[in-house]
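**Student:** run_8.cif is reproduced below (mmCIF, C-alpha atoms).
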```cif
data_final
loop_
_atom_site.label_atom_id
_atom_site.label_comp_id
_atom_site.auth_asym_id
_atom_site.auth_seq_id
_atom_site.Cartn_x
_atom_site.Cartn_y
_atom_site.Cartn_z
CA MET P 1 49.32 -18.93 -36.95
CA VAL P 2 49.30 -18.49 -33.18
CA LEU P 3 48.21 -15.63 -30.94
CA ALA P 4 49.71 -16.21 -27.49
CA SER P 5 47.62 -14.73 -24.68
CA PRO P 6 49.48 -15.09 -21.36
CA HIS P 7 47.69 -14.69 -18.05
CA ARG P 8 48.07 -11.29 -16.40
CA ARG P 9 49.25 -12.90 -13.18
CA ALA P 10 52.23 -14.49 -14.96
CA THR P 11 55.66 -13.51 -13.64
CA PRO P 12 58.23 -11.87 -15.96
CA GLU P 13 60.07 -15.21 -16.15
CA GLN P 14 56.89 -17.04 -17.11
CA LEU P 15 56.05 -14.44 -19.77
CA LEU P 16 59.50 -14.77 -21.31
CA SER P 17 59.30 -18.56 -21.23
CA ILE P 18 55.92 -18.55 -23.01
CA ALA P 19 57.18 -16.14 -25.64
CA ARG P 20 60.33 -18.16 -26.35
CA TRP P 21 58.40 -21.43 -26.55
CA THR P 22 55.99 -19.84 -29.03
CA LEU P 23 58.82 -18.35 -31.07
CA ASP P 24 60.68 -21.67 -31.31
CA ARG P 25 57.66 -23.49 -32.71
CA PHE P 26 55.86 -20.81 -34.73
CA MET P 27 58.58 -18.41 -35.88
CA GLY P 28 57.26 -15.86 -38.35
CA ARG P 29 53.62 -16.67 -37.67
CA CYS P 30 53.09 -15.84 -34.00
CA TRP P 31 51.95 -12.77 -32.08
CA LEU P 32 51.46 -11.68 -28.49
CA ALA P 33 47.77 -10.83 -28.01
CA VAL P 34 47.17 -7.61 -26.10
CA GLU P 35 43.77 -7.56 -24.37
CA LEU P 36 42.90 -4.15 -22.90
CA LEU P 37 39.64 -4.53 -21.01
CA ARG P 38 39.37 -1.30 -19.01
CA GLN P 39 41.08 -2.83 -16.01
CA ILE P 40 43.22 -0.93 -13.57
CA ASP P 41 46.47 -2.57 -14.71
CA ASP P 42 45.95 -2.17 -18.49
CA GLU P 43 48.87 0.22 -18.95
CA MET P 44 51.24 -1.91 -16.89
CA TRP P 45 50.16 -5.05 -18.78
CA LEU P 46 50.83 -3.37 -22.13
CA HIS P 47 54.26 -2.24 -20.89
CA ARG P 48 55.17 -5.78 -19.78
CA LEU P 49 54.13 -7.30 -23.11
CA ARG P 50 56.13 -4.68 -25.02
CA GLN P 51 59.21 -5.60 -23.02
CA VAL P 52 58.74 -9.30 -23.85
CA GLY P 53 58.15 -8.40 -27.50
CA GLU P 54 61.41 -6.46 -27.67
CA LEU P 55 63.36 -9.35 -26.14
CA THR P 56 61.91 -11.99 -28.47
CA ALA P 57 61.05 -9.95 -31.58
CA ILE P 58 57.45 -11.20 -31.42
CA PRO P 59 55.03 -8.52 -32.66
CA LEU P 60 52.09 -7.39 -30.55
CA VAL P 61 48.52 -7.34 -31.85
CA ALA P 62 45.27 -6.02 -30.42
CA SER P 63 42.83 -8.67 -29.24
CA GLY P 64 39.40 -8.37 -27.67
CA ASP P 65 38.95 -11.66 -25.76
CA VAL P 66 35.35 -11.59 -26.98
CA HIS P 67 32.82 -13.68 -25.04
CA MET P 68 29.54 -12.04 -26.14
CA HIS P 69 28.28 -9.97 -29.02
CA LEU P 70 26.56 -7.28 -26.92
CA ARG P 71 27.42 -5.67 -23.61
CA SER P 72 23.86 -6.36 -22.44
CA ARG P 73 24.58 -10.11 -22.46
CA LYS P 74 26.91 -9.81 -19.46
CA MET P 75 24.32 -11.29 -17.11
CA LEU P 76 23.82 -14.28 -19.39
CA GLN P 77 27.60 -14.70 -19.63
CA ASP P 78 27.76 -14.80 -15.83
CA VAL P 79 25.04 -17.46 -15.78
CA LEU P 80 26.96 -19.61 -18.27
CA THR P 81 30.15 -19.16 -16.24
CA ALA P 82 28.38 -20.16 -13.03
CA THR P 83 27.01 -23.24 -14.78
CA ARG P 84 30.52 -24.21 -15.91
CA LEU P 85 31.91 -23.69 -12.40
CA GLY P 86 29.00 -25.55 -10.80
CA LYS P 87 28.38 -22.79 -8.24
CA PRO P 88 25.64 -20.26 -7.48
CA LEU P 89 26.29 -16.77 -8.79
CA THR P 90 26.88 -15.47 -5.26
CA GLN P 91 29.79 -17.91 -4.78
CA CYS P 92 31.60 -17.45 -8.11
CA GLY P 93 33.62 -14.45 -6.96
CA ARG P 94 36.52 -13.72 -9.29
CA GLY P 95 35.42 -16.52 -11.56
CA LEU P 96 33.06 -13.99 -13.15
CA GLN P 97 34.32 -11.29 -15.48
CA SER P 98 34.92 -8.01 -13.67
CA ASN P 99 33.18 -5.91 -16.33
CA ALA P 100 31.30 -6.15 -19.62
CA GLU P 101 34.18 -5.18 -21.93
CA ARG P 102 34.54 -8.63 -23.51
CA HIS P 103 32.01 -7.89 -26.23
CA LEU P 104 32.30 -6.85 -29.88
CA ARG P 105 33.39 -3.24 -29.57
CA SER P 106 33.18 -0.70 -32.38
CA ARG P 107 36.28 0.39 -34.27
CA LEU P 108 35.86 3.88 -32.86
CA ARG P 109 35.90 2.55 -29.32
CA LEU P 110 38.89 0.31 -30.04
CA ALA P 111 40.79 3.27 -31.47
CA GLN P 112 40.31 5.05 -28.17
CA ILE P 113 41.79 2.15 -26.22
CA TYR P 114 44.56 0.52 -28.30
CA PRO P 115 47.71 2.08 -29.77
CA PRO P 116 47.46 2.54 -33.56
CA GLU P 117 50.28 0.09 -34.32
CA LEU P 118 48.48 -2.73 -32.50
CA LEU P 119 45.30 -2.15 -34.51
CA ALA P 120 47.30 -1.99 -37.75
CA GLU P 121 48.83 -5.37 -36.91
CA THR P 122 45.35 -6.94 -36.85
CA LEU P 123 45.05 -6.17 -40.58
CA ARG P 124 48.27 -8.04 -41.27
CA VAL P 125 47.01 -11.02 -39.30
CA ALA P 126 43.69 -10.95 -41.16
CA ALA P 127 45.48 -10.74 -44.53
CA ARG P 128 47.24 -14.04 -43.77
CA CYS P 129 43.98 -15.82 -42.92
CA SER P 130 43.26 -17.22 -46.36
CA PHE P 131 41.80 -20.54 -45.22
CA SER P 132 38.64 -21.75 -46.91
CA LEU P 133 36.38 -24.63 -45.94
CA ASP P 134 36.69 -25.82 -49.52
CA GLU P 135 40.27 -26.85 -48.69
CA LEU P 136 39.11 -29.53 -46.27
CA ARG P 137 39.65 -33.09 -47.44
CA TYR P 138 39.02 -36.41 -45.78
CA GLN P 139 42.30 -38.19 -45.17
CA TYR P 140 41.77 -41.66 -43.76
CA PRO P 141 44.36 -43.76 -41.93
CA GLU P 142 46.53 -46.10 -43.98
CA GLU P 143 47.42 -48.41 -41.09
CA VAL P 144 44.25 -50.47 -41.56
CA VAL P 145 45.37 -51.76 -44.99
CA PRO P 146 47.93 -54.62 -44.87
CA ASP P 147 50.94 -54.71 -47.20
CA GLY P 148 50.22 -55.96 -50.66
CA GLU P 149 46.56 -54.89 -50.52
CA THR P 150 44.68 -51.82 -51.63
CA PRO P 151 41.77 -50.41 -49.60
CA ALA P 152 39.33 -51.64 -52.25
CA SER P 153 40.74 -55.19 -52.44
CA TYR P 154 41.00 -55.52 -48.67
CA LEU P 155 37.43 -54.32 -48.06
CA ARG P 156 36.17 -56.72 -50.75
CA ARG P 157 38.04 -59.62 -49.14
CA MET P 158 36.77 -58.74 -45.65
CA THR P 159 33.21 -58.42 -46.94
CA TYR P 160 33.15 -61.80 -48.66
CA GLU P 161 34.92 -63.51 -45.74
CA GLY P 162 32.27 -62.09 -43.44
CA ALA P 163 29.50 -63.08 -45.84
CA GLY P 164 30.78 -66.63 -45.75
CA ARG P 165 30.43 -66.62 -41.96
CA ARG P 166 27.00 -64.99 -42.08
CA TRP P 167 25.64 -67.41 -44.70
CA PRO P 168 27.61 -70.68 -44.28
CA ASP P 169 25.24 -72.50 -46.68
CA GLY P 170 25.94 -70.06 -49.48
CA ILE P 171 25.42 -66.38 -50.15
CA PRO P 172 21.91 -65.68 -51.52
CA ALA P 173 21.79 -64.20 -55.00
CA LYS P 174 19.98 -61.11 -53.73
CA VAL P 175 22.67 -60.50 -51.12
CA GLN P 176 25.43 -61.10 -53.68
CA GLU P 177 23.90 -58.47 -55.94
CA GLN P 178 23.58 -56.00 -53.06
CA ILE P 179 27.23 -56.55 -52.02
CA GLU P 180 28.46 -55.74 -55.51
CA HIS P 181 26.21 -52.67 -55.70
CA GLU P 182 27.51 -51.31 -52.39
CA LEU P 183 31.16 -52.05 -53.11
CA ALA P 184 30.89 -50.32 -56.48
CA LEU P 185 29.44 -47.16 -54.94
CA ILE P 186 31.95 -47.22 -52.06
CA ALA P 187 34.81 -47.55 -54.57
CA GLU P 188 33.42 -44.73 -56.71
CA LEU P 189 33.38 -42.39 -53.72
CA ASN P 190 36.70 -43.67 -52.27
CA TYR P 191 35.19 -44.55 -48.89
CA GLU P 192 36.93 -47.91 -48.41
CA PRO P 193 39.42 -46.63 -45.78
CA TYR P 194 36.50 -45.24 -43.77
CA PHE P 195 34.74 -48.60 -43.63
CA LEU P 196 38.02 -50.37 -42.83
CA THR P 197 38.77 -47.96 -39.97
CA VAL P 198 35.36 -48.51 -38.37
CA ALA P 199 35.60 -52.28 -38.84
CA ASP P 200 39.04 -52.26 -37.19
CA ILE P 201 37.67 -50.47 -34.12
CA VAL P 202 34.77 -52.90 -33.83
CA ALA P 203 37.14 -55.88 -34.26
CA PHE P 204 39.33 -54.60 -31.42
CA ALA P 205 36.34 -54.17 -29.09
CA ARG P 206 35.07 -57.67 -29.78
CA SER P 207 38.55 -59.15 -29.34
CA ARG P 208 38.46 -57.74 -25.81
CA HIS P 209 34.85 -58.84 -25.28
CA ILE P 210 33.68 -55.23 -25.10
CA LEU P 211 30.00 -55.00 -25.98
CA CYS P 212 29.39 -52.82 -29.01
CA GLN P 213 26.69 -52.32 -31.60
CA GLY P 214 26.39 -50.28 -34.78
CA ARG P 215 23.10 -48.45 -35.20
CA GLY P 216 21.28 -45.94 -37.35
CA SER P 217 21.29 -45.93 -41.13
CA ALA P 218 24.33 -48.26 -41.17
CA ALA P 219 21.81 -51.09 -40.69
CA ASN P 220 20.87 -50.56 -44.35
CA SER P 221 24.32 -51.75 -45.47
CA VAL P 222 25.13 -55.37 -46.15
CA VAL P 223 28.84 -54.46 -46.17
CA CYS P 224 28.53 -53.26 -42.57
CA TYR P 225 26.73 -56.48 -41.70
CA CYS P 226 29.38 -58.67 -43.31
CA THR P 227 32.29 -56.81 -41.68
CA GLY P 228 30.67 -57.11 -38.24
CA VAL P 229 29.87 -53.43 -37.75
CA THR P 230 26.14 -54.14 -37.43
CA GLU P 231 24.12 -57.21 -36.46
CA VAL P 232 21.01 -56.51 -38.53
CA ASP P 233 20.59 -58.90 -41.45
CA PRO P 234 19.63 -56.75 -44.46
CA ALA P 235 18.35 -59.85 -46.28
CA ARG P 236 15.49 -60.11 -43.77
CA MET P 237 14.06 -56.67 -44.49
CA ALA P 238 13.66 -54.16 -47.30
CA THR P 239 16.73 -51.96 -47.00
CA LEU P 240 17.59 -48.74 -48.76
CA PHE P 241 21.36 -48.45 -49.06
CA GLU P 242 21.09 -44.94 -50.54
CA ARG P 243 19.74 -43.78 -47.19
CA PHE P 244 23.17 -44.68 -45.83
CA ILE P 245 25.41 -43.58 -48.72
CA SER P 246 24.33 -41.33 -51.55
CA ARG P 247 26.25 -40.21 -54.59
CA GLU P 248 24.24 -36.99 -54.63
CA ARG P 249 25.17 -36.02 -51.07
CA ASN P 250 28.86 -36.64 -51.75
CA GLU P 251 29.78 -36.98 -48.09
CA PRO P 252 30.99 -39.91 -45.99
CA PRO P 253 28.33 -41.96 -44.23
CA ASP P 254 27.70 -41.66 -40.52
CA ILE P 255 28.35 -44.93 -38.72
CA ASP P 256 27.40 -44.72 -35.03
CA ILE P 257 28.87 -47.35 -32.72
CA ASP P 258 27.68 -47.74 -29.12
CA PHE P 259 30.27 -49.22 -26.75
CA GLU P 260 29.82 -50.60 -23.28
CA HIS P 261 30.09 -47.47 -21.16
CA LYS P 262 32.20 -49.06 -18.41
CA ARG P 263 34.88 -50.08 -20.93
CA ARG P 264 34.63 -47.23 -23.45
CA GLU P 265 37.94 -45.84 -22.20
CA GLU P 266 39.74 -48.97 -23.44
CA VAL P 267 38.55 -48.24 -26.98
CA ILE P 268 39.62 -44.61 -26.69
CA GLN P 269 43.09 -45.57 -25.54
CA TYR P 270 43.35 -48.07 -28.41
CA LEU P 271 42.68 -45.25 -30.88
CA TYR P 272 45.27 -43.01 -29.23
CA GLY P 273 47.80 -45.79 -29.20
CA LYS P 274 47.30 -46.81 -32.82
CA TYR P 275 46.92 -43.41 -34.48
CA GLY P 276 48.68 -41.08 -32.03
CA ARG P 277 47.26 -38.19 -30.09
CA ASP P 278 48.12 -35.83 -32.94
CA ARG P 279 45.69 -37.68 -35.21
CA ALA P 280 42.93 -38.79 -32.83
CA ALA P 281 40.62 -36.55 -30.84
CA LEU P 282 37.32 -36.49 -29.01
CA THR P 283 34.48 -34.43 -30.42
CA ALA P 284 31.88 -32.50 -28.43
CA ALA P 285 28.16 -32.74 -28.92
CA VAL P 286 26.12 -29.50 -28.96
CA ILE P 287 22.82 -29.76 -27.12
CA SER P 288 19.85 -27.41 -26.94
CA TYR P 289 18.33 -26.30 -23.66
CA ARG P 290 14.66 -26.98 -23.19
CA PRO P 291 12.60 -24.38 -21.31
CA LYS P 292 12.12 -26.62 -18.27
CA SER P 293 15.79 -27.48 -17.84
CA ALA P 294 16.82 -23.88 -18.55
CA ILE P 295 14.56 -22.52 -15.80
CA ARG P 296 15.70 -25.13 -13.32
CA ASN P 297 19.35 -24.57 -14.14
CA VAL P 298 19.16 -20.78 -13.95
CA GLY P 299 17.03 -20.95 -10.81
CA LYS P 300 19.72 -22.95 -9.01
CA LEU P 301 22.32 -20.32 -9.84
CA PHE P 302 20.20 -17.60 -8.21
CA ARG P 303 19.63 -19.43 -4.97
CA ALA P 304 20.35 -17.49 -1.82
CA PRO P 305 22.15 -19.00 1.19
CA GLY P 306 20.02 -21.71 2.77
CA PRO P 307 17.23 -23.78 1.23
CA VAL P 308 14.90 -21.88 -1.08
CA GLY P 309 13.35 -24.88 -2.85
CA LEU P 310 12.92 -23.41 -6.31
CA THR P 311 11.37 -25.92 -8.70
CA ALA P 312 9.87 -25.47 -12.14
CA LYS P 313 6.97 -27.18 -13.83
CA VAL P 314 6.30 -26.48 -17.51
CA ASP P 315 2.55 -26.83 -18.06
CA ARG P 316 2.45 -26.15 -21.79
CA VAL P 317 4.79 -25.10 -24.58
CA TYR P 318 3.50 -23.54 -27.80
CA TRP P 319 5.42 -22.55 -30.91
CA VAL P 320 3.63 -19.81 -32.81
CA GLU P 321 5.30 -18.00 -35.70
CA GLY P 322 8.67 -19.41 -34.67
CA LYS P 323 8.37 -18.09 -31.10
CA ALA P 324 8.15 -20.20 -27.98
CA PHE P 325 5.29 -19.40 -25.64
CA VAL P 326 5.94 -21.26 -22.40
CA LEU P 327 3.63 -21.61 -19.42
CA VAL P 328 5.67 -22.27 -16.30
CA GLU P 329 4.79 -22.80 -12.68
CA LEU P 330 7.58 -21.96 -10.26
CA LYS P 331 7.53 -22.93 -6.61
CA THR P 332 9.77 -20.98 -4.29
CA ARG P 333 9.81 -19.18 -0.98
CA ARG P 334 8.67 -15.62 -0.60
CA ALA P 335 12.24 -14.44 0.09
CA ASN P 336 13.27 -15.51 -3.39
CA ARG P 337 10.52 -13.66 -5.29
CA THR P 338 12.85 -10.82 -6.23
CA TYR P 339 14.77 -13.20 -8.50
CA LEU P 340 11.80 -14.53 -10.45
CA SER P 341 11.86 -11.97 -13.26
CA ASP P 342 15.62 -12.45 -13.73
CA VAL P 343 15.27 -16.23 -13.76
CA ILE P 344 12.57 -16.14 -16.42
CA GLU P 345 14.35 -13.57 -18.60
CA LEU P 346 17.71 -15.35 -18.46
CA SER P 347 16.07 -18.71 -19.09
CA ALA P 348 14.53 -17.33 -22.27
CA GLN P 349 17.90 -15.94 -23.38
CA ARG P 350 19.55 -19.25 -22.62
CA VAL P 351 17.07 -21.28 -24.64
CA ALA P 352 17.48 -18.88 -27.58
CA LEU P 353 21.28 -18.96 -27.30
CA MET P 354 21.56 -22.74 -27.17
CA LYS P 355 19.15 -23.25 -30.05
CA GLN P 356 21.35 -20.98 -32.17
CA THR P 357 18.56 -20.36 -34.65
CA GLY P 358 18.13 -16.65 -34.16
CA GLN P 359 14.51 -17.25 -33.19
CA GLU P 360 13.03 -15.15 -30.44
CA VAL P 361 11.92 -17.07 -27.39
CA LEU P 362 9.14 -15.56 -25.32
CA MET P 363 8.74 -17.03 -21.86
CA HIS P 364 5.55 -16.18 -20.05
CA ALA P 365 4.98 -17.93 -16.77
CA TYR P 366 2.24 -18.28 -14.23
CA VAL P 367 4.27 -18.30 -11.03
CA VAL P 368 3.04 -19.84 -7.80
CA VAL P 369 5.05 -18.80 -4.76
CA GLN P 370 5.20 -21.22 -1.83
CA VAL P 371 4.99 -19.22 1.40
CA GLU P 372 6.56 -20.30 4.67
CA ASP P 373 3.24 -21.14 6.31
CA GLY P 374 2.31 -23.52 3.51
CA SER P 375 -0.18 -21.25 1.76
CA ARG P 376 0.21 -20.39 -1.90
CA ILE P 377 -0.15 -17.03 -3.58
CA ALA P 378 0.00 -16.12 -7.26
CA HIS P 379 2.81 -13.86 -8.39
CA ARG P 380 2.95 -12.27 -11.83
CA ALA P 381 6.33 -11.00 -12.95
CA SER P 382 5.42 -9.43 -16.28
CA LEU P 383 3.20 -12.43 -16.84
CA LEU P 384 -0.29 -13.22 -18.04
CA SER P 385 -3.11 -15.03 -16.33
CA MET P 386 -4.04 -18.49 -17.55
CA ALA P 387 -7.28 -17.16 -19.04
CA ASP P 388 -5.39 -14.51 -21.00
CA VAL P 389 -2.91 -17.12 -22.21
CA ASP P 390 -5.68 -19.41 -23.47
CA ALA P 391 -7.36 -16.50 -25.22
CA TRP P 392 -4.08 -15.46 -26.83
CA ILE P 393 -3.37 -18.97 -28.11
CA GLU P 394 -6.90 -19.41 -29.45
CA ARG P 395 -6.88 -16.06 -31.21
CA ARG P 396 -3.42 -16.49 -32.74
CA GLN P 397 -4.35 -19.90 -34.10
CA ALA P 398 -7.54 -18.47 -35.57
CA ILE P 399 -5.58 -15.67 -37.25
CA LEU P 400 -3.04 -18.11 -38.67
CA SER P 401 -5.80 -20.34 -40.04
CA GLY P 402 -7.55 -17.36 -41.64
CA ALA P 403 -10.73 -17.83 -39.61
CA ILE P 404 -10.62 -14.21 -38.45
CA GLN P 405 -8.87 -11.09 -39.65
CA PRO P 406 -6.34 -9.42 -37.34
CA ARG P 407 -7.00 -5.93 -36.17
CA ARG P 408 -4.25 -3.42 -35.53
CA VAL P 409 -3.73 -2.33 -31.95
CA CYS P 410 -0.99 -0.21 -30.44
CA ALA P 411 -0.47 -0.69 -26.73
CA PRO P 412 2.30 1.06 -24.77
CA SER P 413 2.53 -1.82 -22.26
CA PHE P 414 1.33 -5.39 -22.10
CA CYS P 415 -1.30 -6.37 -24.61
CA SER P 416 -3.90 -8.55 -22.89
CA ARG P 417 -4.21 -10.69 -26.00
CA CYS P 418 -0.77 -11.26 -27.47
CA GLY P 419 1.39 -10.82 -24.39
CA PHE P 420 4.13 -8.79 -26.06
CA LYS P 421 5.81 -6.12 -23.97
CA GLU P 422 6.46 -3.86 -26.94
CA LYS P 423 3.87 -2.39 -29.26
CA CYS P 424 2.05 -5.18 -30.98
CA ARG P 425 1.00 -5.25 -34.62
CA THR P 426 -1.92 -7.60 -34.23
CA SER P 427 -3.96 -8.82 -31.33
#
```
Could you write out this structure as structure tokens?
**Tutor:**
Amino acid sequence: MVLASPHRRATPEQLLSIARWTLDRFMGRCWLAVELLRQIDDEMWLHRLRQVGELTAIPLVASGDVHMHLRSRKMLQDVLTATRLGKPLTQCGRGLQSNAERHLRSRLRLAQIYPPELLAETLRVAARCSFSLDELRYQYPEEVVPDGETPASYLRRMTYEGAGRRWPDGIPAKVQEQIEHELALIAELNYEPYFLTVADIVAFARSRHILCQGRGSAANSVVCYCTGVTEVDPARMATLFERFISRERNEPPDIDIDFEHKRREEVIQYLYGKYGRDRAALTAAVISYRPKSAIRNVGKLFRAPGPVGLTAKVDRVYWVEGKAFVLVELKTRRANRTYLSDVIELSAQRVALMKQTGQEVLMHAYVVVQVEDGSRIAHRASLLSMADVDAWIERRQAILSGAIQPRRVCAPSFCSRCGFKEKCRTS
């Protein structure tokens, strides 16, 4: 199913072209997404999409273009957008969203914005979304198996041919036993095409003299060693093949191959050429922001015109009860002090967002402001002194260890012991 979401600046001819292209390829399972975001041209945009829908018979459906779960995350959304654009916030202009409507709105609010028929169409779209993750199956390429061979027979032949090269004076009995054990488990789990695919990629790289090396738990496999995927001789160390493949886990192994970075593109193009761009793709790695990099990154986005020299130094990081307590020293010019609270707050949100664990991240910083004349003054933006921080850490650790009993304290503002802004339960 496809929801086409044309750009509002598209001309009538472009809108009609997009709709017809979508209809030709996804007839009966396509919609035109209507995003009403409290902009001045919402009514005109809805009218234009209705005209295109009447000409092409493509139904319209309400869509929210959601970028955040709460309206209050608009500032963080702007920070992420500025990071993607590589510009300070003051230079992003129309690259930032004009309002905070791209959040998860309530059904009552949506009913006040969208026509009833567009909301009713969302139920029909949802009813057709019957996909389940249980339907996913691993389907490996068949091109790696020559005619007249099965994946199992070809992997066995490749393994023993490689073993003959690895041990020209004869395969040791221990290695022979390990080969049979691994091949039996691989055959039981039907992973032969996976091993053959990886071996084919490595063989191509080495045929072009591209440096490559398998690493990780694959070094525990004598099959990987014999097929050239790894260069670690399992016979020289105590290996645990089940760390690499396990019947209980029932999932394919993870074989990591490092390629020479200057020639990695040649390997990528080989994959595209052999398997087609409809069957080969690049995957993205999700990283987590650390407090230091988050503060530096957010601080750059808040810089005013001219040099402000904002740098961050993380003195200590504590994790207590799943919450990060970070001591930070910022160096900046006096003119930039108004941004310090925003930098710290958004850095905390960014660390929590990127970790994606739902854990609260508390960032308390001891900020040192570099003044024009070279002197240094301390600035506290909802922050604690170093002595208070040390006392808080010591007391919390004592409470967690059971050395002392917590006492209940209700404080309307900052608690000098725990550092929470809201009312604390223990101090």
**Student:** Kindly indicate which residue among P:Val144, P:Leu118, P:Leu37, P:Val79 lies nearest to P:Arg105, using only C-alpha atoms for the distances.
**Tutor:**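 Ranked by minimum distance to P:Arg105, first place goes to P:Leu37.
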**Student:** Calculate how many Å separate atom CA of P:Arg9 from atom CA of P:His69, rounding to one decimal.
**Tutor:** 26.4 Å
**Student:** Residues at most 7 Å from stretch 96-102 of chain P, counting all atoms listed in the file, excluding those fewer than 6 positions away in the same chain, as a ChimeraX atom specification?
**Tutor:** /P:37,64-68,71,74,78,81
**Student:** So that I can see what lies close to stretch 12-27 of chain P, please list as a ChimeraX atom specification the residues with an atom at most 10 Å from it, counting only C-alpha atoms and leaving out residues fewer than 3 positions away in the same chain.
**Tutor:** /P:1-9,30-32,48-49,51-53,55-58
**Student:** Written as an NGL selection string, what is the full residue list that the PyMOL selection byres ((chain P and resi 92) around 12) yields on the file shown?
**Tutor:** :P and (78-91 or 93-98 or 301-302)
**Student:** Calculate how many Å separate atom CA of P:Tyr225 from atom CA of P:Ile179, rounding to one decimal.
**Tutor:**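 Taking atom CA of P:Tyr225 and atom CA of P:Ile179, their separation equals 10.3 Å.
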**Student:** Quick one: distance from atom CA of P:Pro193 to atom CA of P:Gln139 in Å, one decimal?
**Tutor:**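 We find that atom CA of P:Pro193 and atom CA of P:Gln139 lie 8.9 Å from each other.
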**Student:** Translate the PyMOL selection byres ((chain P and resi 166-169) around 10), as applied to the file shown, into an explicit residue set as an mmCIF file with C-alpha atoms, keeping the file's coordinate frame.
**Tutor:**
```cif
data_model
loop_
_atom_site.group_PDB
_atom_site.id
_atom_site.type_symbol
_atom_site.label_atom_id
_atom_site.label_comp_id
_atom_site.auth_asym_id
_atom_site.auth_seq_id
_atom_site.Cartn_x
_atom_site.Cartn_y
_atom_site.Cartn_z
ATOM 1 C CA TYR P 160 33.150 -61.800 -48.660
ATOM 2 C CA GLU P 161 34.920 -63.510 -45.740
ATOM 3 C CA GLY P 162 32.270 -62.090 -43.440
ATOM 4 C CA ALA P 163 29.500 -63.080 -45.840
ATOM 5 C CA GLY P 164 30.780 -66.630 -45.750
ATOM 6 C CA ARG P 165 30.430 -66.620 -41.960
ATOM 7 C CA GLY P 170 25.940 -70.060 -49.480
ATOM 8 C CA ILE P 171 25.420 -66.380 -50.150
ATOM 9 C CA PRO P 172 21.910 -65.680 -51.520
ATOM 10 C CA VAL P 175 22.670 -60.500 -51.120
ATOM 11 C CA TYR P 225 26.730 -56.480 -41.700
ATOM 12 C CA CYS P 226 29.380 -58.670 -43.310
ATOM 13 C CA THR P 227 32.290 -56.810 -41.680
ATOM 14 C CA GLY P 228 30.670 -57.110 -38.240
ATOM 15 C CA ASP P 233 20.590 -58.900 -41.450
#
```
**Student:** Applying the PyMOL selection byres ((chain P and resi 206-213) around 12) to the file I just gave you, which residues come out? Please list them as number ranges by chain.
**Tutor:** P: 198-205, 214-216, 218-219, 224-225, 228-232, 255-267, 270
**Student:** Any chance you could work out the axis-aligned box around stretch 259-275 of chain P, listed atoms only, 6 Å on each side, giving centre and edge lengths in Å to one decimal, as lines of an AutoDock Vina configuration file?
**Tutor:**
```
center_x = 38.8
center_y = -46.8
center_z = -26.4
size_x = 30.0
size_y = 19.6
size_z = 28.1
```
**Student:** Using all atoms listed in the file, which residues sit within 10 Å of P:Lys274 once same-chain residues fewer than 5 positions away are excluded, as a PDB file with C-alpha atoms, keeping the file's coordinate frame?
**Tutor:**
```
ATOM      1  CA  GLU P 143      47.420 -48.410 -41.090  1.00  0.00           C
ATOM      2  CA  VAL P 144      44.250 -50.470 -41.560  1.00  0.00           C
ATOM      3  CA  GLN P 269      43.090 -45.570 -25.540  1.00  0.00           C
ATOM      4  CA  ARG P 279      45.690 -37.680 -35.210  1.00  0.00           C
ATOM      5  CA  ALA P 280      42.930 -38.790 -32.830  1.00  0.00           C
TER       6      ALA P 280
END
```
**Student:** Of the candidates P:Ile245, P:Leu133, P:Leu76, P:Leu60, which one gets nearest to P:Leu119 if we count only C-alpha atoms?
**Tutor:** P:Leu60
**Student:** Would you pick out the contacts of P:Pro141 at 9 Å or less, using all atoms listed in the file, so that residues sharing its chain but fewer than 6 positions from it are not included, and give the list as JSON, numbers by chain?
**Tutor:** {"P": [193, 194, 197, 275]}
